[in-house]
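Below: the structure, in C-alpha cells.
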There are 4 protein chains.
Amino acid sequence: MAGNTFGQVFRVTTWGESHGTAIGATIDGCPPGLPLSPEDIQQDLDRRRPGTGGAASPRKEPDKVEILSGIFEGVTTGTPLTLIIYNKDAHSKSYNNLKDIFRPGHGDFSYLLKYGVRDHRGGGRASARETAARVAAGAVARRLLAFHHINVLAYTLSLGGIDAGNLDFESINDNRLFCPDSDAAERMEERIKEVKKEGDSLGGIVGILASGCPAGLGEPVFNKLDGDLAGALMSIGAVKGVEIGAGFMAARITGSENNDALLPEGFASNNSGGILAGISNGEPIIARVAVKPIPSISKPQQTVNLDNEPVEIKIGGRHDISAIPRIIPVCEAMVCLTLADHLLRMKTLDWFPEDFEIDEE
Amino acid sequence: MAGNTFGQVFRVTTWGESHGTAIGATIDGCPPGLPLSPEDIQQDLDRRRPGTGGAASPRKEPDKVEILSGIFEGVTTGTPLTLIIYNKDAHSKSYNNLKDIFRPGHGDFSYLLKYGVRDHRGGGRASARETAARVAAGAVARRLLAFHHINVLAYTLSLGGIDAGNLDFESINDNRLFCPDSDAAERMEERIKEVKKEGDSLGGIVGILASGCPAGLGEPVFNKLDGDLAGALMSIGAVKGVEIGAGFMAARITGSENNDALLPEGFASNNSGGILAGISNGEPIIARVAVKPIPSISKPQQTVNLDNEPVEIKIGGRHDISAIPRIIPVCEAMVCLTLADHLLRMKTLDWFPEDFEIDEE
Amino acid sequence: MAGNTFGQVFRVTTWGESHGTAIGATIDGCPPGLPLSPEDIQQDLDRRRPGTGGAASPRKEPDKVEILSGIFEGVTTGTPLTLIIYNKDAHSKSYNNLKDIFRPGHGDFSYLLKYGVRDHRGGGRASARETAARVAAGAVARRLLAFHHINVLAYTLSLGGIDAGNLDFESINDNRLFCPDSDAAERMEERIKEVKKEGDSLGGIVGILASGCPAGLGEPVFNKLDGDLAGALMSIGAVKGVEIGAGFMAARITGSENNDALLPEGFASNNSGGILAGISNGEPIIARVAVKPIPSISKPQQTVNLDNEPVEIKIGGRHDISAIPRIIPVCEAMVCLTLADHLLRMKTLDWFPEDFEIDEE
Amino acid sequence: MAGNTFGQVFRVTTWGESHGTAIGATIDGCPPGLPLSPEDIQQDLDRRRPGTGGAASPRKEPDKVEILSGIFEGVTTGTPLTLIIYNKDAHSKSYNNLKDIFRPGHGDFSYLLKYGVRDHRGGGRASARETAARVAAGAVARRLLAFHHINVLAYTLSLGGIDAGNLDFESINDNRLFCPDSDAAERMEERIKEVKKEGDSLGGIVGILASGCPAGLGEPVFNKLDGDLAGALMSIGAVKGVEIGAGFMAARITGSENNDALLPEGFASNNSGGILAGISNGEPIIARVAVKPIPSISKPQQTVNLDNEPVEIKIGGRHDISAIPRIIPVCEAMVCLTLADHLLRMKTLDWFPEDFEIDEE
C-alpha cells in the first residue's frame, strides 16, 4: 500500500512530481462551513517559496494555488477540497546528465531498487517540491485550528552548529530564518555564506510550539499524539530526529527532575512537552526536529553509475544551502495536519444524545 | 477514531488493561504457511517480564501466552491470530489510595480529561503492561522476518547518564541490561542501586540495529520507513525522542560530511541509517530512542487531587527504577512490526503477470 | 490486506475458527460512558443460538460471552472492548472424513486455492459460527443506537418459496421464524419438515427495518449509507442479494412512480428506503436480503477430492435446514454496526468551536 | 470520516462537483511499470459521455482527461496518478430556480440536513457527473486487469420493464444500449421515446460478467469479494439492488438445486456467480444491479421549498431518460476497481522468501 495519504478524519492525499505538470493535494474530511479562500493558503505557500534569500535556491516558482473543488460561496461544503499548484519553472533538462548516476544522500538509489523505474527529473516524487502540497493542505488545517484558538509556530533553533540562545519569540519575523535570536541569526547567515563558497551545505534544528491545544488530543496506544507527531515530522524528507518536550535530555535526568508537578494553578514545568501518556494535557506542545544538510552539493563526491562504476559527481543546478528556513512552514504544516485530525477524531467520543440520562438504566 | 491498531497489511490490534482480566493482540494479515508455536512468542515475552533484576518491579506475571486462533497444525492459516495473556498478579487494591489523585508524569490527568471516565487501577490502558501485547505480536513479525534473514536487535546505549563506549555486540547477553559494553553496564547497575535508595528513577537511550533488510522498504511520502519507525517507537509510553542514522548529529555537520558516498562495493558510511528518501537502501537500519525516567517514584512529589487541591504523593507499589531494560524487547517488537508490514506492502508492487511482455503493447 | 475488520470509527475486528479454542471480537472506537453489561450482549447471542427448533442444527453451544477489556464499573472506558466466546461443543472429528473432499457450495475449494493451507474442521473461518462474533459486536452497537432511539429489526419475509403476506410486526415474536405473518410462518415450518425428510435445504428472504435514524447518515461517494449497508449485508456468508427501498422493483417503474414526493408533513412514500443520494433522510431505512439454501445437505451430491477424482458426497453432521431464522440477528448486527459507525462518523462534521461566529471573518 | 476514497491497495480518491472547475481522481497504489496513456482512459470515458442518443442528456462535455502525475515515459512510476477532467459545458444558472426547492428523488434534502450548506448547482457532489471520475480511475484498473487476461463487461438486461431474452454477447455493440438482445433493444428504445413524451423516466437492470478472474480473490470475512462488489455497485447513485450469481432466485430453490456440483472438468453450474465463501473460485463472476429511474423529470411533482411550503416542480434542463446505458461503463469501472484492488491485496499472501524450506524448521 502506497503512502501518499495522511490522517484519519482530516485526510490528505498529495500527488505530483517535481518536474511533472502540477503538484497538489486532495483533502477529504474537511468539515463543512469553514470559511476558506485561496489567499488563506497562498500565505503559507509564500513562506516556503524558493528564492527568498542567500540560503535559498534561485528556482523561481510562483507556487500559485487554485482550489478546484469543495468550496461554494466562500465556505467549505464538506466534500473533497482539491488544491493544485502548476509547475512552471522546472528545468528538467539540467537533470539529464544525472540520469545514470546515483546522487549521494538522495533517493535515486533506493527508489530505483524499489520501483524498477526512475523519474530522474529533479528527484520526482522524492523532491522537496512535494512539500509545497503539504504546506497547502496544512494551511487549511491551520484555518480550522485558528477558529479553536490553536496556534502552531516553528522556528530555527540551530543552524550549521550555531544555536539560538535567548529566545525572543517576538523577533521571529525580524530575520529571514525565523530565528527567535536575531544575533544568532546573523551568525547563521555568515556560516551559510562561508559554506556556500565551499560548495557545501548545512543542517540544523527546528523548534516547534503549538499553543492553545485543548487537553484530550491523541489516541492510545499506537496513535498517541507524540507518536503521530513524530511520524508526521519524520516523514519530511530531510528530518533525521524528533524530540518531544525534554526529549533526549529526559534520558539523562531522574524521575523527580523530569516529572512535571501539578499545582492548583497548573503544571509547574513542561518536560512532557504538553503530552502525557500520548494525550495532550493542555500545556503548550513542544517538539524539536533535526534537519540534515541538503545532499545536493557542488563539492566533488564519490558515487557510482547504473553500471556500478565509480564516478565523481559535482551537483550544479539550483539548490539551497540548507533546508532551513524553507522547511519551517513544512514542519508547521505537518503539525497542523496532525492536530486538526486529532481534534476531529476526538469529536467521535461525544456520542451522547441530548436526552442522555444514565439513571434511565 | 481510536488508535489501538498498528500496520496496514500486517495489522495488529491490541487490547486489555493492566488490571483487567487479560491483555491481548489480534493480528489480521499474517500470511498463511508461517510456522509458528506459542514458544516462539513466549521467548520474547520472557525477555520483557518483570522481576528479573534490581531495576525491575517485583510484580510476578508469568505472562504465558496462548494462541486462540489462526493456527492449524503448526502453521498460520492466513486468518486472524489472537494472542492472549491473562493477568494474574494484579493488585488493584494497592491503587485505591490513588484513585482521586493525579500521579505526576502519568496519563491520569490527560485520560480523565479525554474520556470523562477513569480506570485508576494501575494506569488501565496507559500502563506499561500494554506493551506485553506488542511484544507478543512483534514476535510473530520477527518470525516472518527471520525467514527473510532480517534480524532486529535493541540494546542499552545509555542509562542514568552513563554511556556505553566500546560496543561489543557479542557481549549483549552477558549482562541483564542488554548493554554491548559490560563495563558500562556495571556502572549503570551501581547507578540504579544508588537511585533506588533515593526513591527516584532513571531514563536512558536504547540503540536499535536491523540487519538484513532488503532495499525498497518504505512508502513515499507519508509512510516513509523512517517516518513509520519514528511513529512506532514514539508510540511506546516512555519514549520522548527518536533518531535515525546520524540523527541530531546530522544537524551539526555539513552535507559533504553527512552524505554517504557510494562505492562499487557499497556505501562508504551509514549516516543515513539505512534509509534514503524514506526507503531502505540495503544498509543496516539504525535508530536510537530516548527513554524518560519511570514517573512512579517513592520520593515525595507535589500534585493535586480531583478537587484540584494540592496533595503530596509518594508512590509505593511495585515499580521499576528504569524502563530499561524491559523496554528493549518492546522497541524490537515495534521495529519488527514496522518492517514486516512494509515487507508485505512491498509485495503489492509485484503486479506483473507471468506472461508480461512490454513489447506486446 | 486481510478483511476481518469492519467500520471506520466504531471498528470491529473478529477472529476465531469454528473448531478452534474460541471466537471473538475486538471493538476499537466504542466511545466512553456507554452503560454495558455482558447480559446486553448475551441477549442477542441467545437469539442466534443453534438448537432452538426444527430447522436448526442440534449443535449445542451455550455461546456465553465474556467481556475481557474496555469496561470499568459498568460503563465503557473508551478503550478496546474484547468479547470472547469459547467453543465448547465442537466435534472436529466428524469432519475428518471430509478433509480431502470439496463440499459443494462451501468455501473449501476457494480457501484452499487462496491460502494453500486448509483448516477442514467445520469450515474454519468460513463457518457460520463466525457470525456469533458479529452478533456480539452488533449488540454493543445496538446499545449505542438505543440511546439515540434507533431501533433495528429483521424478520422473515420469505422461506422456501413461501412469502409473508399481511405483515403484522406485533406478531414477530409469536413464531420461531421472526415472521410478521404467523400463518405464513406455519406453512414455512411445514415446508422445512418436508425438505428435511428429503435431506435438502431451503433459502429465503430477510426484511430489515431501521427506525428512528436521523437524517445525515452516510458519506458520499463511496461510503454511501446504502453502499455500506449492501457491503455489510453481502458480507454475511449465505447472502446473495441486497435491495434497498423499492430495490429491483424500481428497475421496472417510472420516475414519477418511484420518486417520493415531499409534503410539508414529510415524505409521501418511501421507495428510497430512507436513503437519498446515499444519505439517510429521516424515513425508516428498508432493506431486503436474499439468503441461499444451506449448502450442507445429506442428499447425495457430485464433487471431487484433492486429487480431482469424482466423489459422491452425503453431508451428515449437525446442520440447519435454512440459515433463517438464525441469520436474522446477524443481519440486525451488521445493520447496527453500520449505523453506529456512521452515527459516530457524522460527529466529525461538528467542528464548530463554542465561540464560532462567521462575522468574525 | 468522509467517504471519497475506494480500495485498500489500489486506492482511488475522487473529487469535484458537477458545476465546479473540474472533477478528478487520484490513484495511490497503482504499481509501477504499467504501460498507460491518456487514450487508454479516454476510451472508457467516451462510452459514458452524455449526448450519445435518444435517452441521453444533451449536455455536451468533451470529458477530455489529462494525467497530471505518476507517469514517466509511458509507464506508471508507482507514485500517485492524478486524472483531471475540466468541466466545460456547465450551465449553473439553469439551476438557480431550484436553489430553494428540494427535488424529489434527489440528494438535495439529505445533503442539506447533513452538511448545513448546499451547493445547488446541478447536485454538486451528488451529481451523476461524479461518476466520470470513477470511469477514469476504473480505466487504469482495467488496464492492469487486461495484462492478467481479466475482462469486465456490463450490459443492459432490462430497461423500462422490457427484458433481454436470448443473450448474444457478440451483438452487444450492435446497439446503443449495450444490450445482448438486439430485438429487445429496439423495444427498449421505443419505450424510451414513449416515456420521453410523457416527461417521465425509466429504470432497468444491468448485467455484469467478469471473466478470467483467478481463484483466490476476496478476503474473509468483511471484505468478501461479493461483499465488496455489492458495496462498490450500490455506491453508484442510481443503484437500488445488487445480486451475485443466482441472487434472489437462490432464496426460492433448494440446496440441491442451488449448489454447484464439482466435476473433474470444473463446476457443473455457476449459481455461486464465481464466488464461494466470499472468495473467487475461477468461474466467471456474475452480478446484476437494479437501476432506479432518473429522478429529474419534467412531469409535475409535489415537493416543498426551504420554508417547508408545498411547491409543484417540473424539472427542465438537460436530463437523461434513463441512467442506462451511461451507467454501464460506471458499473464496469466499479468492478474493475474492486478486482484490481483484490488482485493486489492477494499479493501480500506471497510472503515466502526464495530460499524458504519448511524442513529448515
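Identifiers in the C-alpha cells: chain A, B, ... in order shown; residue index from 1 per chain; ligand index from 1 in order shown.
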Problem set entry | Exercise: Val330 of chain D partners within 10 Å, only C-alpha atoms, chain neighbours under 5 positions left out, as a PyMOL selection string | chain D and resi 44-45+47-48+128+131-136+138+154+233+236+325+335-336
Got time to write the residues from that selection, N, CA, C and O atoms, as a PDB file, in the first residue's frame?
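What ended up in out-v9.pdb:
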ATOM      1  N   ASP D  44     -12.718   4.700 -22.298  1.00  0.00           N
ATOM      2  CA  ASP D  44     -13.817   4.368 -21.399  1.00  0.00           C
ATOM      3  C   ASP D  44     -14.685   5.590 -21.123  1.00  0.00           C
ATOM      4  O   ASP D  44     -15.914   5.474 -21.028  1.00  0.00           O
ATOM      5  N   LEU D  45     -14.050   6.743 -21.001  1.00  0.00           N
ATOM      6  CA  LEU D  45     -14.823   7.966 -20.742  1.00  0.00           C
ATOM      7  C   LEU D  45     -15.773   8.242 -21.895  1.00  0.00           C
ATOM      8  O   LEU D  45     -16.904   8.697 -21.682  1.00  0.00           O
ATOM      9  N   ARG D  47     -17.358   6.266 -23.641  1.00  0.00           N
ATOM     10  CA  ARG D  47     -18.559   5.414 -23.590  1.00  0.00           C
ATOM     11  C   ARG D  47     -19.607   5.936 -22.624  1.00  0.00           C
ATOM     12  O   ARG D  47     -20.782   5.584 -22.741  1.00  0.00           O
ATOM     13  N   ARG D  48     -19.229   6.700 -21.628  1.00  0.00           N
ATOM     14  CA  ARG D  48     -20.241   7.233 -20.685  1.00  0.00           C
ATOM     15  C   ARG D  48     -20.624   8.669 -20.995  1.00  0.00           C
ATOM     16  O   ARG D  48     -21.437   9.253 -20.294  1.00  0.00           O
ATOM     17  N   ALA D 128     -24.553  12.813 -11.039  1.00  0.00           N
ATOM     18  CA  ALA D 128     -24.020  11.661 -11.771  1.00  0.00           C
ATOM     19  C   ALA D 128     -22.702  12.008 -12.458  1.00  0.00           C
ATOM     20  O   ALA D 128     -21.936  11.128 -12.827  1.00  0.00           O
ATOM     21  N   THR D 131     -19.486  10.339 -11.519  1.00  0.00           N
ATOM     22  CA  THR D 131     -19.101   9.002 -11.987  1.00  0.00           C
ATOM     23  C   THR D 131     -18.066   9.043 -13.114  1.00  0.00           C
ATOM     24  O   THR D 131     -17.439   8.020 -13.393  1.00  0.00           O
ATOM     25  N   ALA D 132     -17.889  10.190 -13.755  1.00  0.00           N
ATOM     26  CA  ALA D 132     -16.846  10.270 -14.785  1.00  0.00           C
ATOM     27  C   ALA D 132     -15.472   9.999 -14.172  1.00  0.00           C
ATOM     28  O   ALA D 132     -14.620   9.341 -14.780  1.00  0.00           O
ATOM     29  N   ALA D 133     -15.278  10.471 -12.953  1.00  0.00           N
ATOM     30  CA  ALA D 133     -14.000  10.232 -12.282  1.00  0.00           C
ATOM     31  C   ALA D 133     -13.831   8.750 -11.957  1.00  0.00           C
ATOM     32  O   ALA D 133     -12.726   8.204 -12.026  1.00  0.00           O
ATOM     33  N   ARG D 134     -14.942   8.093 -11.621  1.00  0.00           N
ATOM     34  CA  ARG D 134     -14.862   6.649 -11.369  1.00  0.00           C
ATOM     35  C   ARG D 134     -14.455   5.916 -12.657  1.00  0.00           C
ATOM     36  O   ARG D 134     -13.655   4.975 -12.624  1.00  0.00           O
ATOM     37  N   VAL D 135     -15.053   6.342 -13.755  1.00  0.00           N
ATOM     38  CA  VAL D 135     -14.761   5.671 -15.025  1.00  0.00           C
ATOM     39  C   VAL D 135     -13.289   5.878 -15.393  1.00  0.00           C
ATOM     40  O   VAL D 135     -12.617   4.941 -15.853  1.00  0.00           O
ATOM     41  N   ALA D 136     -12.782   7.084 -15.170  1.00  0.00           N
ATOM     42  CA  ALA D 136     -11.378   7.358 -15.491  1.00  0.00           C
ATOM     43  C   ALA D 136     -10.459   6.475 -14.652  1.00  0.00           C
ATOM     44  O   ALA D 136      -9.532   5.829 -15.174  1.00  0.00           O
ATOM     45  N   GLY D 138     -11.301   3.725 -13.134  1.00  0.00           N
ATOM     46  CA  GLY D 138     -11.579   2.335 -13.491  1.00  0.00           C
ATOM     47  C   GLY D 138     -10.830   1.905 -14.745  1.00  0.00           C
ATOM     48  O   GLY D 138     -10.442   0.734 -14.885  1.00  0.00           O
ATOM     49  N   ALA D 154     -20.223  -5.065 -18.820  1.00  0.00           N
ATOM     50  CA  ALA D 154     -21.575  -4.827 -18.314  1.00  0.00           C
ATOM     51  C   ALA D 154     -22.497  -4.602 -19.501  1.00  0.00           C
ATOM     52  O   ALA D 154     -22.044  -4.202 -20.582  1.00  0.00           O
ATOM     53  N   LEU D 233     -20.941  -1.451  -6.079  1.00  0.00           N
ATOM     54  CA  LEU D 233     -22.006  -1.204  -7.061  1.00  0.00           C
ATOM     55  C   LEU D 233     -23.133  -0.380  -6.440  1.00  0.00           C
ATOM     56  O   LEU D 233     -23.678   0.516  -7.084  1.00  0.00           O
ATOM     57  N   ILE D 236     -22.993   3.429  -6.440  1.00  0.00           N
ATOM     58  CA  ILE D 236     -23.336   4.231  -7.626  1.00  0.00           C
ATOM     59  C   ILE D 236     -24.720   4.831  -7.387  1.00  0.00           C
ATOM     60  O   ILE D 236     -25.652   4.116  -7.031  1.00  0.00           O
ATOM     61  N   PRO D 325     -27.995   3.821 -20.989  1.00  0.00           N
ATOM     62  CA  PRO D 325     -26.792   2.992 -20.927  1.00  0.00           C
ATOM     63  C   PRO D 325     -25.598   3.675 -20.260  1.00  0.00           C
ATOM     64  O   PRO D 325     -24.574   3.036 -20.128  1.00  0.00           O
ATOM     65  N   VAL D 335     -16.441  -2.484 -10.840  1.00  0.00           N
ATOM     66  CA  VAL D 335     -15.996  -3.884 -10.768  1.00  0.00           C
ATOM     67  C   VAL D 335     -14.498  -3.973 -11.041  1.00  0.00           C
ATOM     68  O   VAL D 335     -13.771  -4.699 -10.350  1.00  0.00           O
ATOM     69  N   CYS D 336     -14.014  -3.207 -12.020  1.00  0.00           N
ATOM     70  CA  CYS D 336     -12.570  -3.195 -12.300  1.00  0.00           C
ATOM     71  C   CYS D 336     -11.783  -2.735 -11.075  1.00  0.00           C
ATOM     72  O   CYS D 336     -10.749  -3.323 -10.721  1.00  0.00           O
TER      73      CYS D 336
END
Return the neighbours of chain A among the residues of chain C, cut-off 8 Å, counting only C-alpha atoms, as a compact mmCIF listing (two decimals) with all heavy atoms, in the first residue's frame.
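Output below, filename out.txt:
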# COMPACT_ATOMS: atom_id res chain seq x y z
N VAL C 9 -14.97 4.21 12.45
CA VAL C 9 -14.83 4.80 13.79
C VAL C 9 -15.20 3.74 14.83
O VAL C 9 -14.41 3.43 15.71
CB VAL C 9 -15.72 6.05 13.94
CG1 VAL C 9 -15.70 6.54 15.40
CG2 VAL C 9 -15.24 7.16 13.01
N PRO C 31 -17.25 4.61 22.07
CA PRO C 31 -17.00 5.78 22.92
C PRO C 31 -17.16 5.47 24.41
O PRO C 31 -17.78 4.47 24.76
CB PRO C 31 -18.03 6.80 22.44
CG PRO C 31 -19.07 6.03 21.72
CD PRO C 31 -18.43 4.77 21.23
N PRO C 32 -16.59 6.31 25.25
CA PRO C 32 -16.64 6.06 26.69
C PRO C 32 -18.01 6.43 27.28
O PRO C 32 -18.74 7.23 26.70
CB PRO C 32 -15.57 7.01 27.24
CG PRO C 32 -15.55 8.15 26.27
CD PRO C 32 -15.86 7.56 24.92
N PRO C 35 -23.23 2.62 29.13
CA PRO C 35 -23.55 1.55 30.08
C PRO C 35 -23.63 0.22 29.33
O PRO C 35 -24.33 0.12 28.31
CB PRO C 35 -24.92 1.96 30.63
CG PRO C 35 -25.05 3.43 30.32
CD PRO C 35 -24.29 3.63 29.05
N GLY C 78 -13.78 3.72 26.73
CA GLY C 78 -13.22 4.32 25.52
C GLY C 78 -12.04 3.52 24.98
O GLY C 78 -11.52 3.81 23.91
N THR C 79 -11.60 2.52 25.74
CA THR C 79 -10.52 1.65 25.26
C THR C 79 -11.15 0.40 24.64
O THR C 79 -12.35 0.18 24.77
CB THR C 79 -9.58 1.29 26.43
OG1 THR C 79 -10.33 0.61 27.43
CG2 THR C 79 -8.97 2.55 27.03
N PHE C 147 -29.76 4.42 22.75
CA PHE C 147 -29.76 5.71 23.44
C PHE C 147 -30.15 6.84 22.49
O PHE C 147 -30.59 7.89 22.94
CB PHE C 147 -28.39 5.99 24.07
CG PHE C 147 -28.18 5.28 25.36
CD1 PHE C 147 -27.47 4.10 25.43
CD2 PHE C 147 -28.74 5.79 26.53
CE1 PHE C 147 -27.29 3.44 26.63
CE2 PHE C 147 -28.56 5.14 27.74
CZ PHE C 147 -27.84 3.95 27.79
N HIS C 148 -29.99 6.58 21.21
CA HIS C 148 -30.42 7.57 20.20
C HIS C 148 -31.80 7.23 19.63
O HIS C 148 -32.19 7.79 18.62
CB HIS C 148 -29.38 7.65 19.08
CG HIS C 148 -28.11 8.31 19.50
ND1 HIS C 148 -27.88 9.66 19.30
CD2 HIS C 148 -27.02 7.83 20.15
CE1 HIS C 148 -26.70 9.97 19.80
NE2 HIS C 148 -26.15 8.88 20.32
N PRO C 220 -20.88 10.58 1.07
CA PRO C 220 -20.59 10.50 -0.35
C PRO C 220 -19.08 10.33 -0.55
O PRO C 220 -18.32 10.86 0.26
CB PRO C 220 -21.04 11.85 -0.88
CG PRO C 220 -21.10 12.76 0.29
CD PRO C 220 -21.19 11.91 1.53
N LEU C 344 -21.26 7.89 14.49
CA LEU C 344 -20.06 8.49 15.07
C LEU C 344 -19.26 9.24 14.01
O LEU C 344 -18.66 10.28 14.29
CB LEU C 344 -19.20 7.39 15.72
CG LEU C 344 -19.84 6.70 16.93
CD1 LEU C 344 -18.94 5.59 17.45
CD2 LEU C 344 -20.14 7.70 18.05
N ARG C 345 -19.25 8.72 12.77
CA ARG C 345 -18.55 9.43 11.70
C ARG C 345 -19.14 10.82 11.50
O ARG C 345 -18.43 11.78 11.23
CB ARG C 345 -18.64 8.65 10.39
CG ARG C 345 -17.73 7.46 10.36
CD ARG C 345 -18.01 6.53 9.20
NE ARG C 345 -17.40 7.01 7.97
CZ ARG C 345 -17.23 6.24 6.90
NH1 ARG C 345 -17.61 4.97 6.91
NH2 ARG C 345 -16.67 6.72 5.81
N LYS C 347 -20.27 12.75 13.63
CA LYS C 347 -19.84 13.69 14.68
C LYS C 347 -18.66 14.54 14.23
O LYS C 347 -18.45 15.64 14.73
CB LYS C 347 -19.44 12.92 15.94
CG LYS C 347 -20.56 12.12 16.58
CD LYS C 347 -21.58 13.01 17.24
CE LYS C 347 -22.75 12.19 17.77
NZ LYS C 347 -23.86 13.06 18.20
N THR C 348 -17.87 14.02 13.30
CA THR C 348 -16.66 14.75 12.89
C THR C 348 -17.01 15.98 12.05
O THR C 348 -16.12 16.78 11.74
CB THR C 348 -15.69 13.85 12.09
OG1 THR C 348 -16.31 13.44 10.88
CG2 THR C 348 -15.29 12.64 12.90
N LEU C 349 -18.26 16.14 11.68
CA LEU C 349 -18.68 17.36 10.97
C LEU C 349 -18.90 18.52 11.93
O LEU C 349 -18.89 19.68 11.53
CB LEU C 349 -19.96 17.11 10.16
CG LEU C 349 -19.91 16.00 9.12
CD1 LEU C 349 -21.22 15.95 8.36
CD2 LEU C 349 -18.76 16.20 8.15
N ASP C 350 -19.17 18.19 13.18
CA ASP C 350 -19.45 19.23 14.20
C ASP C 350 -18.14 19.83 14.70
O ASP C 350 -17.76 19.64 15.85
CB ASP C 350 -20.20 18.61 15.39
CG ASP C 350 -21.58 18.14 15.02
OD1 ASP C 350 -22.13 18.66 14.03
OD2 ASP C 350 -22.09 17.26 15.71
N TRP C 351 -17.46 20.53 13.85
CA TRP C 351 -16.15 21.06 14.22
C TRP C 351 -16.23 22.42 14.88
O TRP C 351 -15.24 22.91 15.39
CB TRP C 351 -15.29 21.18 12.95
CG TRP C 351 -15.80 22.27 12.06
CD1 TRP C 351 -16.80 22.16 11.14
CD2 TRP C 351 -15.37 23.62 12.00
NE1 TRP C 351 -17.04 23.35 10.52
CE2 TRP C 351 -16.17 24.27 11.03
CE3 TRP C 351 -14.39 24.35 12.67
CZ2 TRP C 351 -16.01 25.63 10.71
CZ3 TRP C 351 -14.26 25.70 12.36
CH2 TRP C 351 -15.07 26.32 11.39
N PHE C 352 -17.39 23.01 14.88
CA PHE C 352 -17.51 24.41 15.29
C PHE C 352 -17.13 24.62 16.76
O PHE C 352 -17.66 23.94 17.63
CB PHE C 352 -18.93 24.92 15.05
CG PHE C 352 -19.33 24.86 13.63
CD1 PHE C 352 -20.07 23.78 13.15
CD2 PHE C 352 -18.95 25.85 12.73
CE1 PHE C 352 -20.44 23.71 11.81
CE2 PHE C 352 -19.31 25.79 11.40
CZ PHE C 352 -20.06 24.71 10.93
N PRO C 353 -16.23 25.55 17.02
CA PRO C 353 -15.94 25.87 18.42
C PRO C 353 -17.09 26.65 19.03
O PRO C 353 -17.94 27.19 18.30
CB PRO C 353 -14.69 26.74 18.32
CG PRO C 353 -14.73 27.31 16.94
CD PRO C 353 -15.47 26.34 16.07
N PHE C 356 -17.77 30.22 17.82
CA PHE C 356 -17.72 30.43 16.37
C PHE C 356 -18.72 31.49 15.92
O PHE C 356 -19.90 31.42 16.22
CB PHE C 356 -18.04 29.12 15.64
CG PHE C 356 -17.98 29.23 14.15
CD1 PHE C 356 -16.75 29.26 13.50
CD2 PHE C 356 -19.13 29.30 13.38
CE1 PHE C 356 -16.68 29.36 12.11
CE2 PHE C 356 -19.08 29.39 12.00
CZ PHE C 356 -17.84 29.42 11.37
N ILE C 358 -19.33 33.55 12.22
CA ILE C 358 -18.86 33.72 10.86
C ILE C 358 -18.52 35.19 10.58
O ILE C 358 -17.65 35.50 9.79
CB ILE C 358 -19.90 33.17 9.86
CG1 ILE C 358 -19.31 33.11 8.45
CG2 ILE C 358 -21.17 33.97 9.91
CD1 ILE C 358 -18.38 31.95 8.27
N GLU C 361 -15.03 36.86 10.49
CA GLU C 361 -14.22 36.82 9.26
C GLU C 361 -14.02 38.19 8.65
O GLU C 361 -14.58 38.55 7.67
CB GLU C 361 -14.93 35.90 8.23
CG GLU C 361 -14.79 34.46 8.58
CD GLU C 361 -13.37 34.13 8.91
OE1 GLU C 361 -12.57 34.09 7.96
OE2 GLU C 361 -13.05 33.98 10.10
Exercise. Would you give me, as a ChimeraX atom specification, the residues in segment 85-330 of chain A that DSSP reads as strand (DSSP E or B)?
Worked result: /A:85-86,101,151-159,162-163,202,204-211,219,221,223,239-244,254,262-263,266-267,275-276,279-280,285-291,301-305,310-313,322
Exercise. Contacts of segment 190-193 of chain A at 7 Å or less, counting only C-alpha atoms, minus same-chain residues fewer than 2 places along, as a VMD selection string?
Worked result: chain A and resid 55 160 186 to 188 195 to 197 321
Would you write out those residues with N, CA, C and O atoms, as an mmCIF file, in the first residue's frame?
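What landed in selection01.cif:
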data_model
loop_
_atom_site.group_PDB
_atom_site.id
_atom_site.type_symbol
_atom_site.label_atom_id
_atom_site.label_comp_id
_atom_site.auth_asym_id
_atom_site.auth_seq_id
_atom_site.Cartn_x
_atom_site.Cartn_y
_atom_site.Cartn_z
ATOM 1 N N ALA A 55 20.358 31.605 1.314
ATOM 2 C CA ALA A 55 20.449 30.165 1.514
ATOM 3 C C ALA A 55 19.574 29.412 0.530
ATOM 4 O O ALA A 55 19.594 28.193 0.468
ATOM 5 N N GLY A 160 23.826 25.075 11.168
ATOM 6 C CA GLY A 160 25.263 24.975 10.936
ATOM 7 C C GLY A 160 26.064 24.973 12.212
ATOM 8 O O GLY A 160 27.188 25.470 12.249
ATOM 9 N N GLU A 186 22.223 36.237 12.664
ATOM 10 C CA GLU A 186 23.272 36.874 11.869
ATOM 11 C C GLU A 186 24.465 35.954 11.677
ATOM 12 O O GLU A 186 25.015 35.816 10.592
ATOM 13 N N ARG A 187 24.855 35.308 12.774
ATOM 14 C CA ARG A 187 25.991 34.384 12.676
ATOM 15 C C ARG A 187 25.660 33.184 11.785
ATOM 16 O O ARG A 187 26.502 32.670 11.069
ATOM 17 N N MET A 188 24.404 32.772 11.826
ATOM 18 C CA MET A 188 23.986 31.671 10.948
ATOM 19 C C MET A 188 24.131 32.088 9.482
ATOM 20 O O MET A 188 24.601 31.328 8.647
ATOM 21 N N VAL A 195 29.913 28.500 3.854
ATOM 22 C CA VAL A 195 29.733 27.130 3.356
ATOM 23 C C VAL A 195 29.356 27.145 1.878
ATOM 24 O O VAL A 195 29.726 26.247 1.116
ATOM 25 N N LYS A 196 28.629 28.191 1.476
ATOM 26 C CA LYS A 196 28.252 28.310 0.065
ATOM 27 C C LYS A 196 29.506 28.385 -0.801
ATOM 28 O O LYS A 196 29.582 27.739 -1.847
ATOM 29 N N LYS A 197 30.447 29.166 -0.337
ATOM 30 C CA LYS A 197 31.703 29.290 -1.079
ATOM 31 C C LYS A 197 32.405 27.946 -1.225
ATOM 32 O O LYS A 197 33.002 27.646 -2.249
ATOM 33 N N ILE A 321 21.297 25.985 0.318
ATOM 34 C CA ILE A 321 22.415 25.599 1.189
ATOM 35 C C ILE A 321 21.900 24.819 2.390
ATOM 36 O O ILE A 321 22.530 23.900 2.886
#
For this session: Name the residues of segment 137-272 of chain A that come out as helix (DSSP H, G or I) in a backbone DSSP run; write them as a PyMOL selection string.
Result: chain A and resi 137-147+169-174+182-197+225-234+247-252+255-258
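Atom CA of Val206 of chain C sits 26.7 Å away from atom CA of Ser110 of chain D.
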For this session: Would you mind listing what lies within 10 Å of Gly216 of chain A as an MDAnalysis selection string, with only C-alpha atoms counted and same-chain residues fewer than 2 positions away left out?
Result: (chainID A and resid 213:214 218:219 225 275:276 278:282 342:343 346) or (chainID B and resid 109:116)
Exercise. Residues at most 12 Å from Asn175 of chain B, counting only C-alpha atoms, excluding those fewer than 6 positions away in the same chain, as a ChimeraX atom specification?
Worked result: /B:52-53,155-156,169,181-189,325
